[in-house]
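Text of protein06.pdb (PDB, C-alpha atoms) as supplied:
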```
ATOM      1  CA  MET S   1     -42.489 127.045 -33.106
ATOM      2  CA  GLU S   2     -46.228 127.073 -33.767
ATOM      3  CA  LYS S   3     -48.657 124.201 -33.418
ATOM      4  CA  ILE S   4     -52.403 124.235 -34.173
ATOM      5  CA  ILE S   5     -54.585 121.643 -32.475
ATOM      6  CA  GLU S   6     -58.205 121.117 -33.514
ATOM      7  CA  CYS S   7     -60.510 120.025 -30.698
ATOM      8  CA  GLY S   8     -64.021 119.633 -32.047
ATOM      9  CA  GLU S   9     -65.402 123.061 -32.901
ATOM     10  CA  VAL S  10     -62.625 124.919 -31.093
ATOM     11  CA  LYS S  11     -58.881 124.976 -31.520
ATOM     12  CA  ALA S  12     -55.653 125.770 -29.720
ATOM     13  CA  ARG S  13     -52.816 127.793 -31.216
ATOM     14  CA  LEU S  14     -49.556 127.238 -29.364
ATOM     15  CA  LEU S  15     -46.702 129.703 -29.966
ATOM     16  CA  TYR S  16     -43.712 128.322 -28.076
ATOM     17  CA  GLY S  17     -40.008 129.127 -28.116
ATOM     18  CA  CYS S  18     -40.555 132.854 -28.662
ATOM     19  CA  ASP S  19     -40.405 135.906 -26.448
ATOM     20  CA  VAL S  20     -43.834 136.979 -25.243
ATOM     21  CA  LEU S  21     -43.656 140.268 -27.165
ATOM     22  CA  GLU S  22     -42.663 138.391 -30.303
ATOM     23  CA  GLY S  23     -45.608 136.054 -29.828
ATOM     24  CA  LEU S  24     -48.024 138.934 -29.300
ATOM     25  CA  SER S  25     -46.752 140.610 -32.479
ATOM     26  CA  LEU S  26     -48.184 137.656 -34.422
ATOM     27  CA  LEU S  27     -51.717 138.368 -33.177
ATOM     28  CA  ASP S  28     -54.188 140.804 -34.740
ATOM     29  CA  ASP S  29     -55.663 143.808 -32.955
ATOM     30  CA  GLU S  30     -58.617 142.918 -30.705
ATOM     31  CA  SER S  31     -58.403 139.246 -31.698
ATOM     32  CA  VAL S  32     -58.859 137.729 -28.211
ATOM     33  CA  ASP S  33     -61.763 138.079 -25.788
ATOM     34  CA  CYS S  34     -60.086 137.302 -22.480
ATOM     35  CA  ILE S  35     -56.573 136.958 -21.060
ATOM     36  CA  VAL S  36     -55.939 134.590 -18.155
ATOM     37  CA  THR S  37     -52.279 134.414 -17.206
ATOM     38  CA  SER S  38     -49.718 134.003 -14.459
ATOM     39  CA  PRO S  39     -46.299 135.451 -15.355
ATOM     40  CA  PRO S  40     -43.101 134.149 -13.739
ATOM     41  CA  TYR S  41     -42.845 135.715 -10.298
ATOM     42  CA  TRP S  42     -39.942 138.072  -9.833
ATOM     43  CA  GLY S  43     -36.788 136.551  -8.332
ATOM     44  CA  LEU S  44     -38.215 133.121  -7.507
ATOM     45  CA  ARG S  45     -37.177 130.788 -10.291
ATOM     46  CA  ASN S  46     -34.763 130.479 -13.173
ATOM     47  CA  TYR S  47     -36.464 128.572 -15.970
ATOM     48  CA  GLU S  48     -33.488 126.746 -17.463
ATOM     49  CA  ASP S  49     -31.351 129.868 -17.808
ATOM     50  CA  ASN S  50     -33.251 131.213 -20.831
ATOM     51  CA  ASP S  51     -31.957 134.684 -21.712
ATOM     52  CA  GLN S  52     -35.472 135.819 -22.728
ATOM     53  CA  GLN S  53     -37.160 134.785 -19.533
ATOM     54  CA  ILE S  54     -39.068 137.257 -17.381
ATOM     55  CA  GLY S  55     -38.581 137.265 -13.628
ATOM     56  CA  SER S  56     -34.796 137.372 -13.423
ATOM     57  CA  GLU S  57     -34.465 141.172 -13.594
ATOM     58  CA  GLU S  58     -32.096 142.928 -11.219
ATOM     59  CA  SER S  59     -34.903 144.734  -9.393
ATOM     60  CA  PRO S  60     -38.686 144.658  -8.970
ATOM     61  CA  VAL S  61     -38.792 148.094 -10.638
ATOM     62  CA  GLU S  62     -37.217 146.609 -13.762
ATOM     63  CA  PHE S  63     -39.589 143.641 -13.608
ATOM     64  CA  VAL S  64     -42.670 145.868 -13.317
ATOM     65  CA  GLY S  65     -41.441 148.017 -16.195
ATOM     66  CA  LYS S  66     -40.986 144.996 -18.433
ATOM     67  CA  MET S  67     -44.382 143.565 -17.464
ATOM     68  CA  THR S  68     -46.050 146.920 -18.170
ATOM     69  CA  ASP S  69     -44.617 146.820 -21.686
ATOM     70  CA  VAL S  70     -45.889 143.270 -22.153
ATOM     71  CA  PHE S  71     -49.407 144.058 -20.986
ATOM     72  CA  ARG S  72     -49.523 147.230 -23.085
ATOM     73  CA  GLU S  73     -49.040 145.020 -26.159
ATOM     74  CA  ALA S  74     -51.535 142.519 -24.723
ATOM     75  CA  ARG S  75     -54.082 145.330 -24.478
ATOM     76  CA  ARG S  76     -53.720 145.829 -28.221
ATOM     77  CA  VAL S  77     -54.809 142.245 -29.005
ATOM     78  CA  LEU S  78     -57.608 142.252 -26.415
ATOM     79  CA  SER S  79     -61.107 143.146 -27.573
ATOM     80  CA  THR S  80     -62.531 146.470 -26.412
ATOM     81  CA  LYS S  81     -64.835 144.722 -23.949
ATOM     82  CA  GLY S  82     -62.273 142.087 -22.967
ATOM     83  CA  THR S  83     -60.958 141.266 -19.504
ATOM     84  CA  LEU S  84     -57.532 140.436 -18.083
ATOM     85  CA  TRP S  85     -57.240 138.062 -15.113
ATOM     86  CA  LEU S  86     -53.706 138.350 -13.741
ATOM     87  CA  ASN S  87     -52.366 135.956 -11.088
ATOM     88  CA  ILE S  88     -49.163 137.175  -9.422
ATOM     89  CA  GLY S  89     -47.390 136.279  -6.199
ATOM     90  CA  ASP S  90     -45.037 138.172  -3.918
ATOM     91  CA  THR S  91     -41.616 137.584  -2.414
ATOM     92  CA  TYR S  92     -39.253 138.937   0.235
ATOM     93  CA  ALA S  93     -36.056 140.953  -0.072
ATOM     94  CA  THR S  94     -33.207 138.500   0.386
ATOM     95  CA  ALA S  95     -29.763 137.714  -0.956
ATOM     96  CA  SER S  96     -30.453 133.971  -1.129
ATOM     97  CA  VAL S  97     -31.242 132.066  -4.337
ATOM     98  CA  ASN S  98     -34.694 131.176  -2.995
ATOM     99  CA  ARG S  99     -36.425 128.665  -5.289
ATOM    100  CA  ASN S 100     -34.456 129.140  -8.489
ATOM    101  CA  HIS S 101     -34.473 126.309 -10.989
ATOM    102  CA  VAL S 102     -31.308 124.844 -12.495
ATOM    103  CA  GLY S 103     -32.965 122.401 -14.903
ATOM    104  CA  ASP S 104     -34.650 118.986 -14.862
ATOM    105  CA  GLY S 105     -36.868 119.967 -11.949
ATOM    106  CA  ILE S 106     -33.889 120.430  -9.598
ATOM    107  CA  MET S 107     -33.994 123.281  -7.124
ATOM    108  CA  ALA S 108     -30.859 125.329  -6.599
ATOM    109  CA  ASP S 109     -28.429 124.203  -3.949
ATOM    110  CA  ARG S 110     -25.017 125.668  -3.228
ATOM    111  CA  ASN S 111     -23.475 122.207  -3.541
ATOM    112  CA  HIS S 112     -25.131 121.448  -6.890
ATOM    113  CA  GLU S 113     -22.819 121.272  -9.924
ATOM    114  CA  ASN S 114     -25.019 123.741 -11.834
ATOM    115  CA  PHE S 115     -25.209 126.267  -9.031
ATOM    116  CA  SER S 116     -23.035 128.734 -10.945
ATOM    117  CA  ALA S 117     -25.833 129.029 -13.555
ATOM    118  CA  VAL S 118     -28.202 130.409 -10.944
ATOM    119  CA  LYS S 119     -28.184 134.108 -10.167
ATOM    120  CA  GLU S 120     -28.074 135.008  -6.506
ATOM    121  CA  ARG S 121     -30.568 137.701  -5.637
ATOM    122  CA  LYS S 122     -29.529 141.064  -4.267
ATOM    123  CA  ILE S 123     -31.418 143.303  -1.866
ATOM    124  CA  PRO S 124     -33.225 145.788  -4.161
ATOM    125  CA  ALA S 125     -32.411 149.460  -3.710
ATOM    126  CA  GLY S 126     -34.745 151.136  -1.241
ATOM    127  CA  LEU S 127     -35.603 147.889   0.544
ATOM    128  CA  LYS S 128     -34.175 146.169   3.594
ATOM    129  CA  LYS S 129     -33.411 142.511   4.125
ATOM    130  CA  LYS S 130     -36.634 140.618   5.029
ATOM    131  CA  ASP S 131     -38.925 143.326   3.568
ATOM    132  CA  LEU S 132     -42.044 142.080   1.799
ATOM    133  CA  ILE S 133     -41.534 143.599  -1.656
ATOM    134  CA  GLY S 134     -45.174 144.075  -2.681
ATOM    135  CA  VAL S 135     -44.676 143.023  -6.315
ATOM    136  CA  PRO S 136     -48.377 142.308  -7.028
ATOM    137  CA  TRP S 137     -49.558 145.773  -6.039
ATOM    138  CA  ARG S 138     -46.576 147.485  -7.645
ATOM    139  CA  LEU S 139     -47.556 145.807 -10.912
ATOM    140  CA  ALA S 140     -51.298 146.385 -10.548
ATOM    141  CA  LEU S 141     -50.846 150.105  -9.891
ATOM    142  CA  ALA S 142     -48.372 150.422 -12.773
ATOM    143  CA  LEU S 143     -50.910 148.818 -15.124
ATOM    144  CA  GLN S 144     -53.621 151.125 -13.814
ATOM    145  CA  GLU S 145     -51.390 154.123 -14.504
ATOM    146  CA  ASP S 146     -50.685 152.758 -17.984
ATOM    147  CA  GLY S 147     -54.379 152.821 -18.890
ATOM    148  CA  TRP S 148     -55.945 149.633 -17.566
ATOM    149  CA  TRP S 149     -59.061 149.753 -15.387
ATOM    150  CA  LEU S 150     -58.305 147.966 -12.098
ATOM    151  CA  ARG S 151     -61.645 146.404 -11.100
ATOM    152  CA  ASN S 152     -60.932 143.771  -8.431
ATOM    153  CA  ASP S 153     -58.199 142.370  -6.249
ATOM    154  CA  ILE S 154     -59.080 138.730  -5.665
ATOM    155  CA  ILE S 155     -57.422 136.655  -2.961
ATOM    156  CA  TRP S 156     -56.502 133.100  -3.913
ATOM    157  CA  HIS S 157     -56.664 131.398  -0.520
ATOM    158  CA  LYS S 158     -54.470 128.283  -0.377
ATOM    159  CA  PRO S 159     -55.707 125.887   2.333
ATOM    160  CA  ASN S 160     -52.479 123.849   2.126
ATOM    161  CA  PRO S 161     -49.717 126.422   1.499
ATOM    162  CA  MET S 162     -46.015 125.780   1.165
ATOM    163  CA  PRO S 163     -44.489 125.477   4.647
ATOM    164  CA  SER S 164     -42.209 128.317   5.660
ATOM    165  CA  PRO S 165     -39.052 128.049   7.792
ATOM    166  CA  ALA S 166     -39.506 131.647   8.967
ATOM    167  CA  GLN S 167     -40.521 131.912  12.619
ATOM    168  CA  ASP S 168     -40.926 135.698  12.792
ATOM    169  CA  ARG S 169     -43.887 136.130  10.384
ATOM    170  CA  CYS S 170     -47.088 134.394   9.356
ATOM    171  CA  THR S 171     -47.031 131.607   6.766
ATOM    172  CA  VAL S 172     -48.102 132.992   3.398
ATOM    173  CA  ALA S 173     -51.313 131.246   2.314
ATOM    174  CA  HIS S 174     -52.552 133.478  -0.490
ATOM    175  CA  GLU S 175     -51.780 135.043  -3.849
ATOM    176  CA  TYR S 176     -53.466 137.824  -5.791
ATOM    177  CA  ILE S 177     -55.607 137.663  -8.911
ATOM    178  CA  PHE S 178     -56.302 141.094 -10.411
ATOM    179  CA  LEU S 179     -59.241 141.728 -12.710
ATOM    180  CA  LEU S 180     -58.263 144.457 -15.165
ATOM    181  CA  THR S 181     -60.193 145.706 -18.184
ATOM    182  CA  LYS S 182     -59.445 147.571 -21.382
ATOM    183  CA  SER S 183     -62.429 149.914 -21.006
ATOM    184  CA  SER S 184     -64.945 151.003 -18.394
ATOM    185  CA  SER S 185     -67.642 148.837 -20.028
ATOM    186  CA  TYR S 186     -66.684 145.198 -20.511
ATOM    187  CA  ASN S 187     -68.009 141.656 -20.797
ATOM    188  CA  LEU S 188     -68.671 139.915 -17.512
ATOM    189  CA  TYR S 189     -71.045 136.996 -16.998
ATOM    190  CA  PRO S 190     -71.678 136.727 -13.245
ATOM    191  CA  ASP S 191     -74.453 134.140 -13.609
ATOM    192  CA  ALA S 192     -71.863 131.644 -14.866
ATOM    193  CA  VAL S 193     -69.997 131.690 -11.558
ATOM    194  CA  ARG S 194     -72.673 132.373  -8.968
ATOM    195  CA  THR S 195     -72.768 130.356  -5.751
ATOM    196  CA  PRO S 196     -75.934 128.965  -4.113
ATOM    197  CA  LEU S 197     -77.637 131.220  -1.593
ATOM    198  CA  ALA S 198     -77.394 129.951   1.955
ATOM    199  CA  LYS S 199     -80.732 129.017   3.460
ATOM    200  CA  ALA S 200     -80.072 131.410   6.341
ATOM    201  CA  THR S 201     -79.556 134.221   3.825
ATOM    202  CA  VAL S 202     -82.847 133.428   2.118
ATOM    203  CA  THR S 203     -84.661 133.362   5.458
ATOM    204  CA  ASP S 204     -83.102 136.658   6.501
ATOM    205  CA  LEU S 205     -84.070 138.324   3.224
ATOM    206  CA  LEU S 206     -87.603 137.050   3.608
ATOM    207  CA  ASN S 207     -87.881 138.273   7.183
ATOM    208  CA  ARG S 208     -86.671 141.746   6.237
ATOM    209  CA  SER S 209     -88.336 142.121   2.853
ATOM    210  CA  LYS S 210     -91.739 140.440   2.912
ATOM    211  CA  PRO S 211     -95.043 140.879   4.766
ATOM    212  CA  SER S 212     -95.929 138.122   7.194
ATOM    213  CA  LYS S 213     -98.212 136.238   4.769
ATOM    214  CA  GLU S 214     -95.480 136.068   2.132
ATOM    215  CA  ARG S 215     -92.877 135.044   4.715
ATOM    216  CA  GLU S 216     -95.166 132.159   5.607
ATOM    217  CA  ARG S 217     -95.551 131.285   1.933
ATOM    218  CA  TYR S 218     -91.883 131.468   0.912
ATOM    219  CA  GLY S 219     -90.013 130.933   4.174
ATOM    220  CA  GLY S 220     -89.170 127.293   3.545
ATOM    221  CA  GLN S 221     -87.777 127.783   0.055
ATOM    222  CA  ALA S 222     -84.139 127.016  -0.711
ATOM    223  CA  SER S 223     -83.945 129.799  -3.286
ATOM    224  CA  CYS S 224     -85.219 133.337  -3.500
ATOM    225  CA  PRO S 225     -88.111 134.535  -5.684
ATOM    226  CA  SER S 226     -86.744 136.701  -8.501
ATOM    227  CA  ASN S 227     -88.513 139.847  -7.299
ATOM    228  CA  PHE S 228     -86.668 139.952  -3.966
ATOM    229  CA  ALA S 229     -84.681 143.160  -3.721
ATOM    230  CA  GLY S 230     -80.961 142.500  -3.315
ATOM    231  CA  ALA S 231     -81.167 138.798  -4.191
ATOM    232  CA  ASN S 232     -80.666 136.866  -7.407
ATOM    233  CA  PRO S 233     -82.526 133.591  -7.999
ATOM    234  CA  ASN S 234     -79.390 132.174  -9.663
ATOM    235  CA  GLY S 235     -77.360 132.548  -6.478
ATOM    236  CA  ALA S 236     -74.924 134.914  -4.836
ATOM    237  CA  ASN S 237     -72.419 136.993  -6.757
ATOM    238  CA  ILE S 238     -68.948 135.440  -6.634
ATOM    239  CA  ARG S 239     -66.821 136.828  -3.790
ATOM    240  CA  THR S 240     -63.262 138.167  -3.906
ATOM    241  CA  VAL S 241     -61.761 135.345  -1.803
ATOM    242  CA  TRP S 242     -61.327 132.053  -3.667
ATOM    243  CA  LYS S 243     -60.384 129.011  -1.626
ATOM    244  CA  LEU S 244     -58.662 126.718  -4.131
ATOM    245  CA  LYS S 245     -56.499 123.668  -3.603
ATOM    246  CA  PRO S 246     -53.700 123.182  -6.154
ATOM    247  CA  ASN S 247     -54.049 120.339  -8.654
ATOM    248  CA  SER S 248     -51.597 117.466  -8.592
ATOM    249  CA  TYR S 249     -49.764 117.238 -11.889
ATOM    250  CA  GLN S 250     -47.103 114.756 -12.932
ATOM    251  CA  GLY S 251     -44.926 116.698 -15.339
ATOM    252  CA  ASP S 252     -41.784 118.786 -15.709
ATOM    253  CA  HIS S 253     -43.518 122.125 -15.190
ATOM    254  CA  PHE S 254     -43.892 122.784 -11.465
ATOM    255  CA  ALA S 255     -45.593 126.209 -11.397
ATOM    256  CA  VAL S 256     -49.086 124.909 -12.227
ATOM    257  CA  PHE S 257     -52.116 126.620 -10.730
ATOM    258  CA  PRO S 258     -55.367 124.758  -9.935
ATOM    259  CA  GLU S 259     -57.714 124.287 -12.875
ATOM    260  CA  GLU S 260     -60.602 125.868 -10.972
ATOM    261  CA  LEU S 261     -58.737 129.191 -11.043
ATOM    262  CA  PRO S 262     -58.744 129.688 -14.840
ATOM    263  CA  GLU S 263     -62.154 128.010 -15.000
ATOM    264  CA  ARG S 264     -63.742 130.731 -12.879
ATOM    265  CA  CYS S 265     -61.995 133.465 -14.864
ATOM    266  CA  ILE S 266     -62.949 131.981 -18.236
ATOM    267  CA  LYS S 267     -66.569 131.395 -17.275
ATOM    268  CA  ALA S 268     -66.875 134.917 -15.866
ATOM    269  CA  GLY S 269     -65.148 136.624 -18.791
ATOM    270  CA  THR S 270     -66.203 134.691 -21.898
ATOM    271  CA  GLN S 271     -68.904 132.727 -23.666
ATOM    272  CA  PRO S 272     -68.546 129.537 -25.737
ATOM    273  CA  GLY S 273     -66.701 130.204 -28.982
ATOM    274  CA  ASP S 274     -64.699 133.132 -27.566
ATOM    275  CA  THR S 275     -60.894 133.129 -27.575
ATOM    276  CA  VAL S 276     -58.771 132.947 -24.418
ATOM    277  CA  LEU S 277     -55.093 133.947 -24.352
ATOM    278  CA  ASP S 278     -52.389 132.962 -21.871
ATOM    279  CA  LEU S 279     -49.165 134.960 -22.302
ATOM    280  CA  PHE S 280     -47.154 132.491 -20.198
ATOM    281  CA  SER S 281     -48.766 129.222 -21.211
ATOM    282  CA  GLY S 282     -46.318 126.708 -19.726
ATOM    283  CA  SER S 283     -48.035 123.322 -19.488
ATOM    284  CA  ALA S 284     -51.242 124.917 -20.865
ATOM    285  CA  THR S 285     -53.485 124.510 -17.825
ATOM    286  CA  THR S 286     -55.485 127.533 -19.006
ATOM    287  CA  GLY S 287     -55.678 126.017 -22.492
ATOM    288  CA  LYS S 288     -56.884 122.678 -21.204
ATOM    289  CA  VAL S 289     -59.690 124.370 -19.285
ATOM    290  CA  ALA S 290     -60.566 126.773 -22.120
ATOM    291  CA  LEU S 291     -61.016 123.970 -24.655
ATOM    292  CA  ARG S 292     -63.017 121.874 -22.198
ATOM    293  CA  LEU S 293     -65.376 124.847 -21.790
ATOM    294  CA  GLY S 294     -65.752 125.287 -25.552
ATOM    295  CA  ARG S 295     -63.462 128.307 -25.971
ATOM    296  CA  ASN S 296     -60.612 128.746 -28.427
ATOM    297  CA  TYR S 297     -57.138 129.124 -26.977
ATOM    298  CA  ILE S 298     -53.886 130.878 -27.798
ATOM    299  CA  GLY S 299     -50.856 130.074 -25.654
ATOM    300  CA  ILE S 300     -47.461 131.808 -25.766
ATOM    301  CA  ASP S 301     -44.379 130.558 -23.935
ATOM    302  CA  VAL S 302     -40.671 131.256 -24.200
ATOM    303  CA  ASN S 303     -39.707 127.643 -23.454
ATOM    304  CA  GLU S 304     -40.051 125.444 -26.522
ATOM    305  CA  SER S 305     -39.371 122.371 -24.364
ATOM    306  CA  TYR S 306     -42.900 122.676 -22.907
ATOM    307  CA  LEU S 307     -44.585 122.536 -26.333
ATOM    308  CA  ASP S 308     -45.098 118.772 -26.573
ATOM    309  CA  MET S 309     -46.391 118.643 -23.014
ATOM    310  CA  ALA S 310     -48.848 121.477 -23.645
ATOM    311  CA  ALA S 311     -49.993 120.008 -26.963
ATOM    312  CA  ARG S 312     -50.616 116.628 -25.360
ATOM    313  CA  ARG S 313     -52.706 118.120 -22.568
ATOM    314  CA  VAL S 314     -54.975 120.238 -24.785
ATOM    315  CA  SER S 315     -55.374 117.565 -27.498
ATOM    316  CA  LEU S 316     -56.621 115.003 -24.994
ATOM    317  CA  ILE S 317     -59.649 117.118 -24.097
ATOM    318  CA  HIS S 318     -61.646 115.767 -27.055
ATOM    319  CA  SER S 319     -59.648 112.619 -27.715
ATOM    320  CA  ASP S 320     -61.409 109.269 -28.034
ATOM    321  CA  VAL S 321     -58.519 107.811 -26.072
ATOM    322  CA  VAL S 322     -59.744 109.525 -22.913
ATOM    323  CA  LYS S 323     -63.079 108.063 -21.883
ATOM    324  CA  ASP S 324     -63.140 109.327 -18.329
ATOM    325  CA  GLU S 325     -62.558 112.991 -17.387
ATOM    326  CA  ASP S 326     -60.702 111.780 -14.286
ATOM    327  CA  GLN S 327     -58.007 110.364 -16.564
ATOM    328  CA  LEU S 328     -57.054 113.907 -17.513
ATOM    329  CA  GLU S 329     -55.799 114.589 -13.996
ATOM    330  CA  MET S 330     -52.537 112.803 -14.802
ATOM    331  CA  PHE S 331     -51.815 115.257 -17.612
TER     332      PHE S 331
END
```
Represent the structure contained in this file as structure tokens.
Amino acid sequence: MEKIIECGEVKARLLYGCDVLEGLSLLDDESVDCIVTSPPYWGLRNYEDNDQQIGSEESPVEFVGKMTDVFREARRVLSTKGTLWLNIGDTYATASVNRNHVGDGIMADRNHENFSAVKERKIPAGLKKKDLIGVPWRLALALQEDGWWLRNDIIWHKPNPMPSPAQDRCTVAHEYIFLLTKSSSYNLYPDAVRTPLAKATVTDLLNRSKPSKERERYGGQASCPSNFAGANPNGANIRTVWKLKPNSYQGDHFAVFPEELPERCIKAGTQPGDTVLDLFSGSATTGKVALRLGRNYIGIDVNESYLDMAARRVSLIHSDVVKDEDQLEMF
């Protein structure tokens, strides 16, 4: 099912209830400027037992192979100078059901009446029970081999991670975001996501770079003069560790990443009027942010049941009903 939502000068195109490859087949070559997406993580959840879902493959090798096919088609619709920002988490080799979903927001439990609908995981060949599988890097390297340029591995640092019952390893408090590109030359706008220079950094640069008279003249400034070697007056280049707290969201879709995550990616990879694509749109967090920033949005998702939720969230960005941006937090 397709739904078009006009939001001022930009619009959202939602393609829900179709396989991701089917959705991509509806898009023209080089028709999007940036992809920001987070596919279902392998072996963690069962989204309402949909036969087309990704993440329920028998092995991580099969999962990576399927994802490589998906992103090969995504590369076709991405502009030559476009960027892909891929968020992907890891998991451990286990025979348990982990955090599989049996519908209506209920997590799997062996005593639940729908437990038979949930696939129990098997230890993948070549791995041992309790092994960290390394899915993010397996996928990143497979995409690199398939023709993508792998430019950054970004750490999403979670200051309040999910508690872990395991007592023989550290609590996992991060996920990966990979920056991949279609070509060696691509669009990136670092000034849009720079961070203020610390006063100590400015002072240090002055002490090392300027004669004494100029140190005396500029030493008290909070920002650097533009001719300072190694410094940018607009601030520091964004780092590869992003400390982001998850957003609270009252809805049926529970795998929602914080809005600041797609915001940084969209600002760094696009300009107003560009088109952002999310291959696994879900509740359309990426779409909500894209429209708020003045970008067009295309969202694809296999679950048609999320369509109304996604449409409501993106349409409220420019709705007269919402007077206060804080009101959007409930959606």
10 Å contact set for Asp29 (chain S), only C-alpha atoms, chain neighbours under 3 positions out, as a list in words: Leu24, Ser25, Leu26, Val32, Glu73, Ala74, Arg75, Arg76, Val77, Leu78, Ser79 and Thr80 of chain S
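The closest residue to Met309 (chain S), picked from S:Arg239, S:Thr83, S:Gln144, S:Leu14 and counting only C-alpha atoms, is S:Leu14.
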The distance between CA of Trp242 (chain S) and CA of Ile298 (chain S) is 25.3 Å
Evaluated on this file, the PyMOL selection byres ((chain S and resi 283) around 7) picks out some residues - which ones are they, written as number ranges by chain? S: 253, 281-282, 284-285, 306, 309-310
What would the selection look like, as JSON, numbers by chain, if the PyMOL selection byres ((chain S and resi 265) around 9) were run on the coordinates I just shared? {"S": [34, 35, 36, 84, 85, 179, 193, 260, 261, 262, 263, 264, 266, 267, 268, 269, 270]}
Around all the atoms of region 291-305 of chain S listed in the file, draw an axis-aligned box and extend it by 3 Å on each of the six sides; I want its centre and edge lengths in Å to one decimal, as JSON.
```
{"center_x": -52.6, "center_y": 126.8, "center_z": -25.1, "size_x": 32.4, "size_y": 15.9, "size_z": 12.6}
```
Interatomic distance (Å, one decimal) between CA of Phe280 (chain S) and CA of Ser56 (chain S): 14.9 Å
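Take the candidates S:Ala198, S:Cys170, S:Met162, S:Leu180 and check each one against Gly147 (chain S) using only C-alpha atoms; the shortest distance goes to S:Leu180.
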